[in-house]
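Raw contents of query.tsv, TSV, C-alpha atoms:
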```
chain	number	residue	atom	x	y	z
P	1	VAL	CA	30.81	3.24	0.18
P	2	GLU	CA	29.17	1.64	-2.83
P	3	ALA	CA	28.16	-1.32	-0.63
P	4	GLU	CA	26.45	1.03	1.85
P	5	ALA	CA	24.61	2.76	-1.00
P	6	GLU	CA	23.46	-0.61	-2.34
P	7	CYS	CA	22.26	-1.77	1.11
P	8	LEU	CA	20.34	1.49	1.51
P	9	ALA	CA	18.87	1.04	-1.97
P	10	ALA	CA	17.74	-2.48	-0.99
P	11	MET	CA	16.11	-1.12	2.19
P	12	VAL	CA	14.29	1.56	0.22
P	13	LYS	CA	13.22	-0.92	-2.49
P	14	LEU	CA	11.80	-3.30	0.09
P	15	MET	CA	9.86	-0.54	1.84
P	16	SER	CA	8.66	0.88	-1.50
P	17	ASP	CA	7.49	-2.58	-2.57
P	18	MET	CA	5.41	-2.70	0.64
P	19	GLY	CA	3.76	0.60	-0.34
P	20	LEU	CA	5.74	2.86	2.00
P	21	THR	CA	7.18	6.17	0.82
P	22	SER	CA	9.82	8.61	1.99
P	23	GLU	CA	6.96	10.52	3.64
P	24	ASP	CA	6.30	7.46	5.83
P	25	VAL	CA	9.86	6.37	6.55
P	26	GLY	CA	13.18	8.16	6.78
P	27	ILE	CA	16.67	6.75	7.17
P	28	LYS	CA	19.03	8.51	9.56
P	29	ILE	CA	22.65	8.10	8.56
P	30	ASN	CA	25.95	8.84	10.27
P	31	ASN	CA	29.53	7.55	10.25
P	32	ARG	CA	31.36	6.27	13.33
P	33	LYS	CA	34.55	7.81	11.93
P	34	ILE	CA	33.00	11.27	12.37
P	35	LEU	CA	32.36	10.52	16.05
P	36	THR	CA	35.91	9.23	16.45
P	37	GLU	CA	37.28	12.45	14.94
P	38	LEU	CA	34.97	14.63	17.06
P	39	MET	CA	35.90	12.83	20.26
P	40	GLY	CA	39.58	13.00	19.35
P	41	SER	CA	39.30	16.74	18.75
P	42	LEU	CA	37.84	17.09	22.26
P	43	GLY	CA	40.60	15.01	23.87
P	44	ILE	CA	38.38	12.05	24.74
P	45	PRO	CA	40.67	9.02	25.17
P	46	GLU	CA	40.27	6.17	22.69
P	47	GLU	CA	39.42	3.66	25.44
P	48	LYS	CA	36.33	5.74	26.28
P	49	PHE	CA	35.07	5.80	22.68
P	50	ALA	CA	32.84	2.69	22.89
P	51	PRO	CA	31.11	3.57	26.19
P	52	THR	CA	30.64	7.16	25.01
P	53	CYS	CA	29.04	5.90	21.77
P	54	VAL	CA	26.62	3.72	23.76
P	55	LEU	CA	25.53	6.85	25.64
P	56	ILE	CA	25.27	8.96	22.46
P	57	ASP	CA	23.02	6.26	20.99
P	58	LYS	CA	20.54	7.03	23.80
P	59	LEU	CA	20.41	10.73	22.92
P	60	GLU	CA	16.91	10.61	21.44
P	61	LYS	CA	15.63	8.19	24.08
P	62	VAL	CA	16.62	9.77	27.43
P	63	PRO	CA	16.94	13.32	28.76
P	64	VAL	CA	20.21	15.11	27.96
P	65	GLU	CA	20.79	15.66	31.69
P	66	ALA	CA	20.90	11.90	32.29
P	67	LEU	CA	23.49	11.49	29.54
P	68	GLN	CA	25.61	14.30	30.92
P	69	SER	CA	25.85	12.64	34.33
P	70	ASP	CA	26.56	9.21	32.76
P	71	MET	CA	29.34	10.73	30.62
P	72	GLN	CA	30.81	12.47	33.65
P	73	GLU	CA	30.86	9.08	35.39
P	74	LEU	CA	33.12	7.95	32.54
P	75	GLY	CA	35.53	10.65	33.66
P	76	LEU	CA	34.70	13.22	30.98
P	77	SER	CA	34.65	16.84	32.09
P	78	THR	CA	31.41	18.82	32.16
P	79	GLU	CA	32.79	21.11	29.45
P	80	THR	CA	33.79	18.20	27.18
P	81	VAL	CA	30.39	16.53	27.61
P	82	SER	CA	28.56	19.78	26.92
P	83	THR	CA	30.62	20.53	23.82
P	84	LEU	CA	30.24	16.98	22.45
P	85	LEU	CA	26.47	16.93	22.96
P	86	ASP	CA	26.11	20.39	21.40
P	87	LEU	CA	28.17	19.34	18.39
P	88	ILE	CA	26.12	16.19	17.88
P	89	GLN	CA	22.69	17.71	18.45
P	90	ASP	CA	23.27	20.69	16.17
P	91	ALA	CA	25.35	18.88	13.58
P	92	SER	CA	25.16	19.56	9.89
P	93	LEU	CA	27.62	18.27	7.31
P	94	GLU	CA	28.76	21.84	6.67
P	95	GLY	CA	29.24	22.57	10.39
P	96	LEU	CA	31.19	19.37	10.92
P	97	GLU	CA	33.34	20.08	7.89
P	98	ALA	CA	34.19	23.49	9.36
P	99	ARG	CA	35.29	21.78	12.58
P	100	LEU	CA	36.95	18.61	11.20
P	101	GLY	CA	38.18	19.88	7.83
P	102	PRO	CA	37.35	18.73	4.30
P	103	GLU	CA	39.82	15.82	4.59
P	104	SER	CA	37.68	14.10	7.26
P	105	ALA	CA	37.35	10.46	6.14
P	106	GLY	CA	33.94	10.07	7.76
P	107	LEU	CA	32.55	13.19	6.13
P	108	GLN	CA	33.93	12.21	2.72
P	109	GLU	CA	32.23	8.81	3.00
P	110	ILE	CA	28.88	10.32	4.06
P	111	LYS	CA	29.01	12.79	1.18
P	112	GLN	CA	29.73	9.95	-1.27
P	113	ILE	CA	26.76	7.99	0.08
P	114	PHE	CA	24.48	11.01	-0.34
P	115	ALA	CA	25.77	11.52	-3.91
P	116	LEU	CA	25.14	7.86	-4.75
P	117	ALA	CA	21.68	8.05	-3.15
P	118	GLU	CA	20.93	11.04	-5.37
P	119	SER	CA	21.97	9.14	-8.49
P	120	TYR	CA	20.05	6.01	-7.37
P	121	GLY	CA	16.96	8.16	-6.73
P	122	TYR	CA	16.39	7.66	-3.01
P	123	ALA	CA	18.10	10.71	-1.45
P	124	ASP	CA	14.74	11.95	-0.14
P	125	TRP	CA	14.69	8.99	2.26
P	126	LEU	CA	18.04	9.96	3.86
P	127	GLN	CA	18.72	12.38	6.68
P	128	PHE	CA	22.12	13.04	8.24
P	129	ASN	CA	21.97	12.65	12.02
P	130	ALA	CA	25.19	12.71	14.05
P	131	SER	CA	23.55	11.01	17.03
P	132	VAL	CA	22.95	7.73	15.15
P	133	VAL	CA	25.51	5.31	16.51
P	134	ARG	CA	23.70	1.94	16.49
P	135	GLY	CA	25.00	1.27	20.01
P	136	LEU	CA	27.00	-1.82	19.06
P	137	ALA	CA	30.77	-1.51	19.23
P	138	TYR	CA	31.42	-3.54	16.08
P	139	TYR	CA	30.37	-0.81	13.63
P	140	THR	CA	33.40	0.80	11.96
P	141	GLY	CA	31.99	3.26	9.40
P	142	ALA	CA	28.59	4.28	8.11
P	143	VAL	CA	25.63	3.50	10.36
P	144	PHE	CA	21.98	3.92	9.43
P	145	GLU	CA	18.59	3.49	11.00
P	146	GLY	CA	15.13	3.52	9.42
P	147	PHE	CA	12.48	5.39	11.39
P	148	ASP	CA	8.77	6.06	11.19
P	149	ARG	CA	8.44	9.76	10.35
P	150	SER	CA	5.36	10.09	12.57
P	151	GLY	CA	7.59	9.27	15.57
P	152	THR	CA	5.22	6.61	16.88
P	153	LEU	CA	7.43	3.52	16.52
P	154	ARG	CA	10.95	2.57	17.48
P	155	ALA	CA	13.59	1.86	14.82
P	156	ILE	CA	12.21	-0.05	11.84
P	157	CYS	CA	15.54	-1.27	10.51
P	158	GLY	CA	19.20	-0.53	10.87
P	159	GLY	CA	22.69	-1.49	9.88
P	160	GLY	CA	26.05	-0.27	8.75
P	161	ARG	CA	29.66	-1.16	8.10
P	162	TYR	CA	31.43	-3.63	10.37
P	163	ASP	CA	34.81	-4.39	8.86
P	164	LYS	CA	36.28	-6.23	11.85
P	165	LEU	CA	33.33	-8.34	12.98
P	166	LEU	CA	34.28	-11.60	11.26
P	167	GLU	CA	37.86	-11.27	12.45
P	168	THR	CA	36.64	-10.75	16.03
P	169	PHE	CA	35.02	-14.19	15.94
P	170	GLY	CA	38.08	-15.93	14.50
P	171	GLY	CA	37.27	-15.59	10.81
P	172	GLU	CA	39.28	-13.98	8.05
P	173	ALA	CA	39.54	-10.21	8.03
P	174	MET	CA	36.87	-9.13	5.58
P	175	PRO	CA	35.01	-5.85	5.06
P	176	ALA	CA	31.27	-6.16	5.53
P	177	VAL	CA	28.09	-4.08	5.38
P	178	GLY	CA	24.62	-5.24	6.31
P	179	PHE	CA	21.25	-4.39	7.76
P	180	GLY	CA	18.29	-6.01	9.43
P	181	PHE	CA	14.58	-5.28	9.88
P	182	GLY	CA	12.46	-5.50	13.00
P	183	ASP	CA	9.58	-7.70	11.82
P	184	ALA	CA	7.20	-6.61	14.59
P	185	VAL	CA	7.92	-2.93	13.92
P	186	ILE	CA	7.44	-3.13	10.16
P	187	VAL	CA	4.14	-5.01	10.67
P	188	GLU	CA	2.96	-2.27	13.07
P	189	LEU	CA	3.91	0.40	10.53
P	190	LEU	CA	2.08	-1.41	7.73
P	191	LYS	CA	-1.01	-1.69	10.00
P	192	MET	CA	-0.83	2.04	10.79
P	193	LYS	CA	-0.67	2.83	7.07
P	194	ASN	CA	-3.38	0.27	6.12
P	195	LEU	CA	-0.90	-1.54	3.90
P	196	LEU	CA	-1.14	-5.08	5.25
P	197	PRO	CA	-2.45	-7.45	2.55
```
Before anything else, please render the file you have as structure tokens.
Amino acid sequence: VEAEAECLAAMVKLMSDMGLTSEDVGIKINNRKILTELMGSLGIPEEKFAPTCVLIDKLEKVPVEALQSDMQELGLSTETVSTLLDLIQDASLEGLEARLGPESAGLQEIKQIFALAESYGYADWLQFNASVVRGLAYYTGAVFEGFDRSGTLRAICGGGRYDKLLETFGGEAMPAVGFGFGDAVIVELLKMKNLLP
């Protein structure tokens, strides 16, 4: 998790250097392992994990009712869908720990990232959000997404851990963490904040 903490520190440094603060931008953070554990606890089959994650990623973009029907089309029961969405929407680290147990690998990693963020001095930028999935199936651990706190713009930046990506394309198995910025979005944010040079 040190690599995730360093990537997050680089994101924060870049935004700080542009004149942005934690009052302007927040970073939502989650861990795909938490979602895997939650779905497993609800009896969702492993082969439905990726399509379910794609739908969860839309949680803040489309009405919950639309997601419920899409999840039911995947063959998930109304009760399972309802429980999963409730767990994700109302999630806190403490609540998830009560459900998944203190040995949850995903929760342990998130807590370590928050502890490192505290020691690096950027914890005020971070916000746990169980609905952050980053839509792409290659993420294997922590996922994060920078957002404009005014709610005007779409995601500013995002990234996470993708330990199997290189292997998927024929390369050597190698753990990896990374992030990217949306250049158009960051320019719009800087314009909104009167920070363009």
Pick the closest to Glu109 (chain P) from P:Lys164, P:Arg149, P:Arg32, P:Arg154: which is it, counting all atoms listed in the file?
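Of P:Lys164, P:Arg149, P:Arg32, P:Arg154, the one nearest Glu109 (chain P), counting all atoms listed in the file, is P:Arg32.
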Taking 3 positions as the minimum chain separation for residues in the same chain, which residues sit within 8 Å of region 7-24 of chain P when counting only C-alpha atoms? Answer as an MDAnalysis selection string.
chainID P and resid 3:4 117 120 122 124:125 148:150 177:179 190 195
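For the choices P:Glu37, P:Glu2, P:Glu73, P:Glu145, the atom-to-atom distance to Ala115 (chain P) is smallest for P:Glu2 when using all atoms listed in the file.
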Which residues are near Cys53 (chain P)? Cut-off 9 Å, all atoms listed in the file, ignore same chain within fewer than 5 positions. Put them as an MDAnalysis selection string.
chainID P and resid 32 35 48 58 131 133:137
Lys61 (chain P) environment, 12 Å, all atoms listed in the file, sequence neighbours closer than 5 positions dropped, as a CSV table (one decimal) with C-alpha atoms, in the frame of the given file:
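The resulting file, out-v7.csv, is reproduced below:
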```csv
chain,number,residue,atom,x,y,z
P,54,VAL,CA,26.6,3.7,23.8
P,55,LEU,CA,25.5,6.8,25.6
P,56,ILE,CA,25.3,9.0,22.5
P,66,ALA,CA,20.9,11.9,32.3
P,67,LEU,CA,23.5,11.5,29.5
P,131,SER,CA,23.6,11.0,17.0
P,132,VAL,CA,23.0,7.7,15.2
P,151,GLY,CA,7.6,9.3,15.6
P,154,ARG,CA,11.0,2.6,17.5
P,155,ALA,CA,13.6,1.9,14.8
```
With all atoms listed in the file as the counted atoms, please give the residues lying no more than 7 Å from Tyr139 (chain P), apart from itself and same-chain residues fewer than 5 positions off, as a list of chain:residue names.
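What passes the distance filter is P:Gly160, P:Arg161, P:Tyr162.
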Can you write just those residues out, C-alpha atoms, as a PDB file, in the coordinates of the input?
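Dumped everything to again_18.pdb:
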```
ATOM      1  CA  GLY P 160      26.050  -0.270   8.750  1.00  0.00           C
ATOM      2  CA  ARG P 161      29.660  -1.160   8.100  1.00  0.00           C
ATOM      3  CA  TYR P 162      31.430  -3.630  10.370  1.00  0.00           C
TER       4      TYR P 162
END
```
Figure out the distance between CA of Ala5 (chain P) and CA of Leu116 (chain P), please, to one decimal in Å.
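So the answer is 6.4 Å.
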Which residue, P:Pro45, P:Gly95, P:Gly121, P:Gly101, has the smallest gap to Gly75 (chain P) when you use all atoms listed in the file?
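Result for the nearest residue to Gly75 (chain P): P:Pro45.
Straight-line separation from CA of Phe181 (chain P) to CA of Thr152 (chain P): 16.7 Å.
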Write out as number ranges by chain the residues lying within 9 Å of Ser92 (chain P), counting all atoms listed in the file and excluding same-chain residues fewer than 6 positions away.
P: 128-130
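Using all atoms listed in the file, the shortest contact distance between Ala50 (chain P) and any of P:Leu153, P:Leu166, P:Leu87, P:Leu74 is found at P:Leu74.
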CA of Asp163 (chain P) and CA of Glu6 (chain P) are how many Å apart?
16.4 Å
When you get a chance, write out all heavy atoms for region 127-138 of chain P, as a PDB file, in the coordinates of the input.
```pdb
ATOM      1  N   GLN P 127      18.588  11.200   5.824  1.00  0.00           N
ATOM      2  CA  GLN P 127      18.720  12.380   6.680  1.00  0.00           C
ATOM      3  C   GLN P 127      19.984  12.189   7.513  1.00  0.00           C
ATOM      4  O   GLN P 127      20.121  11.192   8.220  1.00  0.00           O
ATOM      5  CB  GLN P 127      17.479  12.445   7.575  1.00  0.00           C
ATOM      6  CG  GLN P 127      17.542  13.388   8.719  1.00  0.00           C
ATOM      7  CD  GLN P 127      16.311  13.217   9.614  1.00  0.00           C
ATOM      8  OE1 GLN P 127      15.197  13.092   9.144  1.00  0.00           O
ATOM      9  NE2 GLN P 127      16.532  13.208  10.911  1.00  0.00           N
ATOM     10  N   PHE P 128      20.912  13.125   7.413  1.00  0.00           N
ATOM     11  CA  PHE P 128      22.120  13.040   8.240  1.00  0.00           C
ATOM     12  C   PHE P 128      21.737  13.312   9.687  1.00  0.00           C
ATOM     13  O   PHE P 128      20.996  14.245   9.987  1.00  0.00           O
ATOM     14  CB  PHE P 128      23.182  14.042   7.789  1.00  0.00           C
ATOM     15  CG  PHE P 128      24.378  14.044   8.692  1.00  0.00           C
ATOM     16  CD1 PHE P 128      25.267  12.980   8.677  1.00  0.00           C
ATOM     17  CD2 PHE P 128      24.600  15.082   9.579  1.00  0.00           C
ATOM     18  CE1 PHE P 128      26.359  12.954   9.537  1.00  0.00           C
ATOM     19  CE2 PHE P 128      25.687  15.069  10.439  1.00  0.00           C
ATOM     20  CZ  PHE P 128      26.568  14.002  10.412  1.00  0.00           C
ATOM     21  N   ASN P 129      22.236  12.470  10.597  1.00  0.00           N
ATOM     22  CA  ASN P 129      21.970  12.650  12.020  1.00  0.00           C
ATOM     23  C   ASN P 129      23.189  12.141  12.784  1.00  0.00           C
ATOM     24  O   ASN P 129      23.445  10.936  12.836  1.00  0.00           O
ATOM     25  CB  ASN P 129      20.717  11.884  12.428  1.00  0.00           C
ATOM     26  CG  ASN P 129      20.328  12.115  13.866  1.00  0.00           C
ATOM     27  OD1 ASN P 129      21.166  12.110  14.755  1.00  0.00           O
ATOM     28  ND2 ASN P 129      19.042  12.306  14.103  1.00  0.00           N
ATOM     29  N   ALA P 130      23.938  13.062  13.378  1.00  0.00           N
ATOM     30  CA  ALA P 130      25.190  12.710  14.050  1.00  0.00           C
ATOM     31  C   ALA P 130      24.999  11.903  15.324  1.00  0.00           C
ATOM     32  O   ALA P 130      25.957  11.369  15.860  1.00  0.00           O
ATOM     33  CB  ALA P 130      25.993  13.974  14.354  1.00  0.00           C
ATOM     34  N   SER P 131      23.765  11.787  15.807  1.00  0.00           N
ATOM     35  CA  SER P 131      23.550  11.010  17.030  1.00  0.00           C
ATOM     36  C   SER P 131      23.286   9.530  16.743  1.00  0.00           C
ATOM     37  O   SER P 131      23.202   8.726  17.668  1.00  0.00           O
ATOM     38  CB  SER P 131      22.396  11.589  17.856  1.00  0.00           C
ATOM     39  OG  SER P 131      21.158  11.354  17.239  1.00  0.00           O
ATOM     40  N   VAL P 132      23.160   9.147  15.472  1.00  0.00           N
ATOM     41  CA  VAL P 132      22.950   7.730  15.150  1.00  0.00           C
ATOM     42  C   VAL P 132      24.286   7.008  15.303  1.00  0.00           C
ATOM     43  O   VAL P 132      25.266   7.328  14.635  1.00  0.00           O
ATOM     44  CB  VAL P 132      22.394   7.543  13.724  1.00  0.00           C
ATOM     45  CG1 VAL P 132      22.350   6.066  13.350  1.00  0.00           C
ATOM     46  CG2 VAL P 132      21.025   8.160  13.617  1.00  0.00           C
ATOM     47  N   VAL P 133      24.286   6.042  16.205  1.00  0.00           N
ATOM     48  CA  VAL P 133      25.510   5.310  16.510  1.00  0.00           C
ATOM     49  C   VAL P 133      25.297   3.809  16.345  1.00  0.00           C
ATOM     50  O   VAL P 133      26.209   3.066  16.082  1.00  0.00           O
ATOM     51  CB  VAL P 133      25.961   5.607  17.972  1.00  0.00           C
ATOM     52  CG1 VAL P 133      27.190   4.824  18.346  1.00  0.00           C
ATOM     53  CG2 VAL P 133      26.181   7.081  18.175  1.00  0.00           C
ATOM     54  N   ARG P 134      24.069   3.355  16.508  1.00  0.00           N
ATOM     55  CA  ARG P 134      23.700   1.940  16.490  1.00  0.00           C
ATOM     56  C   ARG P 134      24.322   1.195  17.657  1.00  0.00           C
ATOM     57  O   ARG P 134      24.573   0.024  17.570  1.00  0.00           O
ATOM     58  CB  ARG P 134      24.049   1.273  15.164  1.00  0.00           C
ATOM     59  CG  ARG P 134      23.355   1.807  13.941  1.00  0.00           C
ATOM     60  CD  ARG P 134      21.888   1.518  13.834  1.00  0.00           C
ATOM     61  NE  ARG P 134      21.579   0.110  13.932  1.00  0.00           N
ATOM     62  CZ  ARG P 134      20.433  -0.368  14.386  1.00  0.00           C
ATOM     63  NH1 ARG P 134      19.500   0.445  14.803  1.00  0.00           N
ATOM     64  NH2 ARG P 134      20.222  -1.655  14.452  1.00  0.00           N
ATOM     65  N   GLY P 135      24.631   1.860  18.731  1.00  0.00           N
ATOM     66  CA  GLY P 135      25.000   1.270  20.010  1.00  0.00           C
ATOM     67  C   GLY P 135      26.035   0.164  20.026  1.00  0.00           C
ATOM     68  O   GLY P 135      26.781   0.059  20.982  1.00  0.00           O
ATOM     69  N   LEU P 136      26.100  -0.670  19.039  1.00  0.00           N
ATOM     70  CA  LEU P 136      27.000  -1.820  19.060  1.00  0.00           C
ATOM     71  C   LEU P 136      28.407  -1.420  18.651  1.00  0.00           C
ATOM     72  O   LEU P 136      28.612  -0.709  17.679  1.00  0.00           O
ATOM     73  CB  LEU P 136      26.464  -2.919  18.153  1.00  0.00           C
ATOM     74  CG  LEU P 136      25.037  -3.365  18.508  1.00  0.00           C
ATOM     75  CD1 LEU P 136      24.495  -4.299  17.445  1.00  0.00           C
ATOM     76  CD2 LEU P 136      24.995  -4.020  19.868  1.00  0.00           C
ATOM     77  N   ALA P 137      29.373  -1.923  19.407  1.00  0.00           N
ATOM     78  CA  ALA P 137      30.770  -1.510  19.230  1.00  0.00           C
ATOM     79  C   ALA P 137      31.398  -2.028  17.941  1.00  0.00           C
ATOM     80  O   ALA P 137      32.460  -1.574  17.559  1.00  0.00           O
ATOM     81  CB  ALA P 137      31.590  -1.958  20.433  1.00  0.00           C
ATOM     82  N   TYR P 138      30.760  -2.978  17.262  1.00  0.00           N
ATOM     83  CA  TYR P 138      31.420  -3.540  16.080  1.00  0.00           C
ATOM     84  C   TYR P 138      31.299  -2.690  14.821  1.00  0.00           C
ATOM     85  O   TYR P 138      31.951  -2.967  13.830  1.00  0.00           O
ATOM     86  CB  TYR P 138      30.964  -4.972  15.797  1.00  0.00           C
ATOM     87  CG  TYR P 138      29.492  -5.214  15.616  1.00  0.00           C
ATOM     88  CD1 TYR P 138      28.819  -4.787  14.481  1.00  0.00           C
ATOM     89  CD2 TYR P 138      28.772  -5.909  16.582  1.00  0.00           C
ATOM     90  CE1 TYR P 138      27.479  -5.036  14.299  1.00  0.00           C
ATOM     91  CE2 TYR P 138      27.425  -6.169  16.411  1.00  0.00           C
ATOM     92  CZ  TYR P 138      26.776  -5.731  15.266  1.00  0.00           C
ATOM     93  OH  TYR P 138      25.446  -5.988  15.098  1.00  0.00           O
TER      94      TYR P 138
END
```
